[in-house]
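Shown next: query_9.tsv, given as TSV, C-alpha atoms.
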```
chain	number	residue	atom	x	y	z
A	383	MET	CA	100.52	117.13	119.08
A	384	GLU	CA	104.15	117.12	118.03
A	385	ASN	CA	103.52	115.94	114.51
A	386	GLN	CA	100.71	118.26	113.67
A	387	PHE	CA	100.82	121.50	111.76
A	388	ASP	CA	99.25	124.91	111.92
A	389	VAL	CA	98.05	126.76	108.82
A	390	LYS	CA	97.31	130.48	108.83
A	391	GLN	CA	96.72	133.04	106.10
A	392	GLU	CA	97.68	136.68	106.55
A	393	GLY	CA	97.02	138.76	103.46
A	394	THR	CA	98.54	136.90	100.53
A	395	ILE	CA	100.94	134.89	102.67
A	396	LEU	CA	100.04	131.39	103.82
A	397	THR	CA	102.16	130.17	106.71
A	398	ILE	CA	102.38	126.50	107.65
A	399	VAL	CA	104.09	125.76	110.93
A	400	LEU	CA	105.23	122.15	110.66
A	401	GLY	CA	105.75	119.66	113.48
A	402	GLU	CA	108.65	117.24	113.73
A	403	GLU	CA	107.56	115.11	110.80
A	404	LEU	CA	105.85	115.45	107.45
A	405	ALA	CA	105.15	111.95	106.20
A	406	THR	CA	102.47	109.28	105.79
A	407	ALA	CA	101.02	109.91	109.24
A	408	ASN	CA	100.14	113.57	108.64
A	409	ALA	CA	100.89	114.67	105.05
A	410	PRO	CA	97.46	113.66	103.69
A	411	ALA	CA	95.79	115.77	106.40
A	412	LEU	CA	97.96	118.75	105.48
A	413	MET	CA	97.06	118.25	101.82
A	414	ASP	CA	93.35	118.36	102.75
A	415	GLU	CA	93.91	121.52	104.76
A	416	LEU	CA	95.83	123.22	101.95
A	417	ASN	CA	93.05	122.35	99.56
A	418	LYS	CA	90.89	124.89	101.40
A	419	TYR	CA	93.21	127.70	100.32
A	420	ARG	CA	93.05	127.05	96.58
A	421	ASP	CA	91.21	130.21	95.60
A	422	LYS	CA	92.32	132.50	98.39
A	423	GLY	CA	94.81	134.65	96.47
A	424	VAL	CA	97.90	133.08	98.03
A	425	GLU	CA	101.10	134.59	96.61
A	426	LYS	CA	103.62	133.11	98.99
A	427	VAL	CA	103.65	129.88	101.00
A	428	VAL	CA	105.94	129.87	104.03
A	429	PHE	CA	106.76	126.52	105.63
A	430	ASP	CA	108.16	127.02	109.11
A	431	ALA	CA	110.38	123.94	109.43
A	432	THR	CA	112.05	124.89	112.71
A	433	LYS	CA	110.90	121.63	114.35
A	434	LEU	CA	110.95	119.43	111.25
A	435	ASN	CA	113.42	116.54	111.29
A	436	TYR	CA	111.86	113.99	108.93
A	437	ILE	CA	110.17	114.19	105.55
A	438	ALA	CA	109.01	111.42	103.19
A	439	SER	CA	107.79	111.61	99.60
A	440	SER	CA	104.24	112.24	100.82
A	441	GLY	CA	105.58	115.39	102.49
A	442	ILE	CA	107.31	116.52	99.33
A	443	ARG	CA	104.04	116.06	97.51
A	444	THR	CA	102.43	118.64	99.79
A	445	ILE	CA	105.09	121.17	98.71
A	446	ILE	CA	104.47	120.38	95.04
A	447	PHE	CA	100.75	120.69	95.71
A	448	ALA	CA	101.21	124.11	97.32
A	449	LYS	CA	103.21	125.32	94.35
A	450	GLN	CA	100.82	123.99	91.73
A	451	LYS	CA	97.40	124.41	93.25
A	452	LEU	CA	97.48	127.45	95.52
A	453	GLY	CA	97.03	130.86	93.93
A	454	SER	CA	98.92	131.29	90.71
A	455	ASN	CA	102.40	129.90	91.06
A	456	PRO	CA	103.14	131.17	94.59
A	457	ALA	CA	106.68	131.58	95.92
A	458	ILE	CA	107.70	128.78	98.32
A	459	GLU	CA	109.79	129.62	101.36
A	460	PHE	CA	111.28	127.33	104.01
A	461	VAL	CA	112.22	128.77	107.36
A	462	ASN	CA	114.98	127.06	109.40
A	463	CYS	CA	115.30	123.98	107.21
A	464	ALA	CA	117.50	121.24	108.74
A	465	LYS	CA	120.38	119.82	106.69
A	466	SER	CA	118.81	116.34	106.55
A	467	ILE	CA	115.62	117.81	105.07
A	468	TYR	CA	117.57	119.96	102.62
A	469	GLU	CA	119.41	116.85	101.43
A	470	VAL	CA	116.10	115.20	100.50
A	471	PHE	CA	115.11	118.34	98.56
A	472	GLU	CA	118.47	118.25	96.79
A	473	MET	CA	118.03	114.59	95.94
A	474	THR	CA	114.70	115.32	94.29
A	475	GLY	CA	115.97	118.52	92.66
A	476	ILE	CA	113.42	120.86	94.22
A	477	GLN	CA	115.84	122.99	96.27
A	478	ASP	CA	116.28	125.50	93.42
A	479	TYR	CA	112.60	126.37	93.54
A	480	ILE	CA	112.48	127.07	97.25
A	481	THR	CA	113.81	130.12	99.09
A	482	PHE	CA	115.56	129.16	102.31
A	483	VAL	CA	115.50	131.59	105.20
A	484	ASN	CA	117.05	131.29	108.66
A	485	LYS	CA	115.42	133.17	111.48
B	457	MET	CA	117.17	86.28	109.95
B	458	LYS	CA	114.11	88.08	111.25
B	459	LEU	CA	110.74	87.34	109.67
B	460	LEU	CA	107.73	89.60	110.05
B	461	HIS	CA	104.30	88.64	108.72
B	462	PHE	CA	101.35	91.01	108.43
B	463	GLN	CA	97.80	90.16	107.41
B	464	PRO	CA	95.53	91.93	106.77
B	465	ILE	CA	97.50	95.01	105.81
B	466	ALA	CA	94.82	97.49	104.71
B	467	GLY	CA	95.25	100.72	106.67
B	468	LYS	CA	98.16	99.25	108.62
B	469	ALA	CA	101.13	100.95	106.94
B	470	LEU	CA	102.24	102.85	110.03
B	471	ASP	CA	101.95	99.79	112.30
B	472	ILE	CA	103.99	97.70	109.87
B	473	LEU	CA	106.60	100.44	109.58
B	474	ASP	CA	106.79	100.73	113.34
B	475	ALA	CA	107.34	96.97	113.72
B	476	ILE	CA	110.18	97.01	111.18
B	477	LEU	CA	111.90	100.01	112.76
B	478	HIS	CA	111.72	98.44	116.21
B	479	THR	CA	113.49	95.22	115.25
B	480	PRO	CA	116.99	95.18	116.79
B	481	GLU	CA	118.38	94.58	113.29
B	482	VAL	CA	117.12	97.94	112.05
B	483	ALA	CA	117.18	99.88	115.31
B	484	SER	CA	120.90	99.13	115.68
B	485	CYS	CA	121.72	100.95	112.44
B	486	LYS	CA	122.46	104.33	113.96
B	487	LYS	CA	123.87	106.45	111.17
B	488	GLU	CA	121.74	104.87	108.46
B	489	PHE	CA	118.52	104.70	110.47
B	490	GLY	CA	117.04	107.82	108.87
B	491	ALA	CA	117.57	106.49	105.36
B	492	LEU	CA	116.18	103.06	106.28
B	493	ARG	CA	113.15	104.64	107.91
B	494	LEU	CA	112.41	106.71	104.82
B	495	VAL	CA	112.83	103.79	102.43
B	496	CYS	CA	110.81	101.33	104.56
B	497	GLU	CA	108.01	103.89	104.79
B	498	GLU	CA	107.94	104.39	101.02
B	499	LEU	CA	107.96	100.66	100.25
B	500	VAL	CA	105.42	99.63	102.90
B	501	VAL	CA	103.02	102.40	101.88
B	502	ASN	CA	103.32	101.36	98.23
B	503	VAL	CA	102.37	97.76	99.04
B	504	VAL	CA	99.57	98.65	101.46
B	505	ASP	CA	98.04	101.24	99.12
B	506	TYR	CA	98.53	99.66	95.71
B	507	ALA	CA	99.58	95.99	95.69
B	508	TYR	CA	96.15	94.42	96.21
B	509	PRO	CA	92.75	95.08	94.71
B	510	LYS	CA	90.44	97.03	97.00
B	511	ASN	CA	88.78	94.87	99.68
B	512	ALA	CA	91.25	92.03	99.17
B	513	GLU	CA	92.81	90.75	102.37
B	514	GLY	CA	96.42	91.12	101.41
B	515	TYR	CA	99.54	90.10	103.31
B	516	MET	CA	103.07	91.34	103.50
B	517	ASP	CA	106.16	89.44	104.62
B	518	ILE	CA	109.35	91.18	105.57
B	519	GLU	CA	112.70	89.45	105.95
B	520	ILE	CA	115.53	91.29	107.62
B	521	GLU	CA	119.13	90.09	107.55
B	522	ARG	CA	121.76	91.97	109.45
B	523	GLU	CA	125.47	91.45	109.12
B	524	ASP	CA	128.16	93.56	110.68
B	525	ASP	CA	128.43	96.03	107.87
B	526	LEU	CA	125.30	95.34	105.84
B	527	ILE	CA	121.55	95.17	106.21
B	528	VAL	CA	119.32	93.40	103.71
B	529	ILE	CA	115.54	93.79	103.83
B	530	ARG	CA	113.13	91.88	101.59
B	531	PHE	CA	109.55	93.07	101.13
B	532	LYS	CA	107.25	90.36	99.80
B	533	ASP	CA	103.60	90.55	98.82
B	534	GLY	CA	101.16	88.38	96.92
B	535	GLY	CA	99.54	91.26	95.05
B	536	THR	CA	99.45	92.17	91.40
B	537	PRO	CA	102.86	91.62	89.77
B	538	PHE	CA	104.52	95.02	89.63
B	539	ASN	CA	108.14	96.01	89.22
B	540	PRO	CA	108.42	99.53	90.67
B	541	LEU	CA	111.94	99.87	89.28
B	542	LYS	CA	110.53	99.70	85.79
B	543	ARG	CA	108.14	102.58	86.23
B	544	GLU	CA	109.27	105.87	84.81
B	545	MET	CA	111.35	107.79	87.34
B	546	PRO	CA	110.26	111.37	87.98
B	547	ASP	CA	112.03	114.03	85.92
B	548	ILE	CA	113.87	115.90	88.66
B	549	THR	CA	115.07	118.59	86.26
B	550	LEU	CA	111.55	119.96	85.81
B	551	PRO	CA	110.63	123.13	87.73
B	552	LEU	CA	108.36	122.61	90.72
B	553	GLU	CA	105.31	123.96	88.92
B	554	GLU	CA	105.59	121.24	86.25
B	555	ARG	CA	106.38	118.31	88.54
B	556	ARG	CA	104.22	115.22	88.58
B	557	ILE	CA	103.66	113.79	92.00
B	558	GLY	CA	104.07	110.06	91.35
B	559	GLY	CA	107.18	107.90	91.63
B	560	LEU	CA	109.05	109.98	94.20
B	561	GLY	CA	109.06	107.23	96.82
B	562	ILE	CA	110.77	104.61	94.68
B	563	PHE	CA	113.09	107.30	93.34
B	564	LEU	CA	114.22	108.15	96.89
B	565	THR	CA	114.56	104.43	97.67
B	566	VAL	CA	117.00	103.93	94.82
B	567	LYS	CA	118.94	107.06	95.80
B	568	LYS	CA	119.22	106.19	99.49
B	569	MET	CA	120.12	102.50	99.25
B	570	ASP	CA	123.26	100.83	97.91
B	571	GLU	CA	121.31	98.24	96.01
B	572	VAL	CA	117.63	97.78	95.12
B	573	SER	CA	116.35	94.81	93.14
B	574	TYR	CA	113.01	93.33	92.15
B	575	ASP	CA	112.02	89.76	91.43
B	576	TYR	CA	108.75	87.92	90.95
B	577	VAL	CA	109.03	84.48	92.57
B	578	ASN	CA	106.35	81.96	93.60
B	579	ASN	CA	103.57	84.42	92.82
B	580	GLU	CA	105.15	87.07	94.99
B	581	ASN	CA	106.59	90.51	94.36
B	582	VAL	CA	109.97	90.57	96.10
B	583	LEU	CA	111.70	93.90	96.50
B	584	THR	CA	115.14	93.69	98.11
B	585	ILE	CA	117.11	96.61	99.49
B	586	LYS	CA	120.70	96.53	100.69
B	587	LYS	CA	122.47	99.19	102.69
B	588	LYS	CA	126.05	99.21	103.93
B	589	ILE	CA	126.27	99.95	107.63
B	590	SER	CA	129.10	102.04	108.97
B	591	ASN	CA	128.71	101.24	112.70
B	592	GLU	CA	129.33	104.90	113.50
B	593	GLU	CA	127.12	106.79	115.87
```

Take the structure in the file and write it out as structure tokens.
Amino acid sequence: MENQFDVKQEGTILTIVLGEELATANAPALMDELNKYRDKGVEKVVFDATKLNYIASSGIRTIIFAKQKLGSNPAIEFVNCAKSIYEVFEMTGIQDYITFVNK
Amino acid sequence: MKLLHFQPIAGKALDILDAILHTPEVASCKKEFGALRLVCEELVVNVVDYAYPKNAEGYMDIEIEREDDLIVIRFKDGGTPFNPLKREMPDITLPLEERRIGGLGIFLTVKKMDEVSYDYVNNENVLTIKKKISNEE
């Protein structure tokens, strides 16, 4: 499905490949999925946002959750973040705590 | 003016959102559609999830007024009186690891709209948003 996500851990890196949206329809499911990786030694969380074009506050909460609950203060990385998504991060002041990578 | 009425609303946030976004009044806002979608989602979810006590059959009325260069949307519910604009806004200067997760939706609403106001009239919460429309693609 277009709006789903795929979560995979390799070593200490947890990669989340996002669909087109991260909002009310799927953010709670992602939160549940991430909850399974609480004590798995995650040091870096990579969100692949190549397809992402819409995020709501419920989506931002999953990023905050990843930062606060997975491992001990993991680094957060966003791959191929669209401008419209970056603007929402900027609005909420979280862009300084995310590393943005284009691939 | 377009009037939309929903009852019951429990578990229906996405259906309500869909109905709002498909009205010609909202769908015709091209450049601002993304902002309106975000804000409508935040406000509808807030009402559906929190306005009424659990198991209560709540309702939600939505009024949409579209002028050439302005859209006004009113969200009305008969739930517990609550002014979301009075709740403490999230501290966006805190680092991510110290952030609290509440209040982001109403914060984004205020940021994205030109005007947001709250009133309690006839036993209803009335949240009104206004957004200037540029008519650009």

Chain A contacts on chain B, all atoms listed in the file, 7 Å, as a PyMOL selection string:
chain B and resi 494+548-549+551-553+557+560-561

I'd like the interatomic distance between CA of Cys496 (chain B) and CA of Glu523 (chain B), to a tenth of an Å.
18.3 Å

Show me, as number ranges by chain, the residues that have an atom within 8 Å of Ser573 (chain B) when counting all atoms listed in the file, minus same-chain residues fewer than 6 positions from it.
B: 541, 583-585

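One distance worth recording is that between CA of Ile527 (chain B) and CA of Phe563 (chain B), which is 19.6 Å.
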
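Straight-line separation from CA of Thr536 (chain B) to CA of Tyr508 (chain B): 6.3 Å.
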
Smallest atom-to-atom distance to Ala491 (chain B): which of B:Asp575, B:Glu580, B:Asp570, B:Asp547, using all atoms listed in the file?
B:Asp570

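Restricting the calculation to only C-alpha atoms, the smallest distance between Thr397 (chain A) and any of A:Cys463, A:Val428, A:Met413, A:Ala457 is found for A:Val428.
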
Asn591 (chain B) surroundings by all atoms listed in the file, 12 Å radius, close-in-sequence under 3 positions cut, as a compact mmCIF listing (two decimals) with C-alpha atoms, keeping the file's coordinate frame:
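Okay, this is what ended up in result35.txt:
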```txt
# COMPACT_ATOMS: atom_id res chain seq x y z
CA ALA B 483 117.18 99.88 115.31
CA SER B 484 120.90 99.13 115.68
CA CYS B 485 121.72 100.95 112.44
CA LYS B 486 122.46 104.33 113.96
CA LYS B 487 123.87 106.45 111.17
CA GLU B 488 121.74 104.87 108.46
CA PHE B 489 118.52 104.70 110.47
CA GLU B 523 125.47 91.45 109.12
CA ASP B 524 128.16 93.56 110.68
CA ASP B 525 128.43 96.03 107.87
CA LEU B 526 125.30 95.34 105.84
CA ILE B 527 121.55 95.17 106.21
CA LYS B 587 122.47 99.19 102.69
CA LYS B 588 126.05 99.21 103.93
```

For Val483 (chain A): contacts at 8 Å, all atoms listed in the file, fewer than 5 positions along chain excluded, given as a PDB file with C-alpha atoms, keeping the file's coordinate frame:
```pdb
ATOM      1  CA  GLU A 459     109.790 129.620 101.360  1.00  0.00           C
ATOM      2  CA  PHE A 460     111.280 127.330 104.010  1.00  0.00           C
ATOM      3  CA  VAL A 461     112.220 128.770 107.360  1.00  0.00           C
ATOM      4  CA  ASN A 462     114.980 127.060 109.400  1.00  0.00           C
ATOM      5  CA  CYS A 463     115.300 123.980 107.210  1.00  0.00           C
TER       6      CYS A 463
END
```

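The list of residues with at least one atom within 6 Å of Val528 (chain B), based on all atoms listed in the file and without residues fewer than 6 positions apart in the same chain, reads B:Ile520, B:Glu521, B:Ile585, B:Lys586.
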
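Of the residues listed (A:Gln391, A:Gly441, A:Glu402, A:Ala409), A:Gln391 shows the shortest atom-to-atom separation from Lys422 (chain A); distances use all atoms listed in the file.
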
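Using all atoms listed in the file, the smallest distance between any of B:Val495, B:Val572, B:Ile562, B:Met516 and Leu460 (chain B) comes from B:Met516.
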
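Across A:Glu392, A:Asp430, A:Glu469, A:Asp414, the tightest approach to Asn484 (chain A) is made by A:Asp430 when counting only C-alpha atoms.
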
Within 10 Å of file point (102.5, 98.7, 99.5), counting only C-alpha atoms, expressed as an MDAnalysis selection string:
chainID B and resid 465:466 469 497:508 514:516 531:533 535
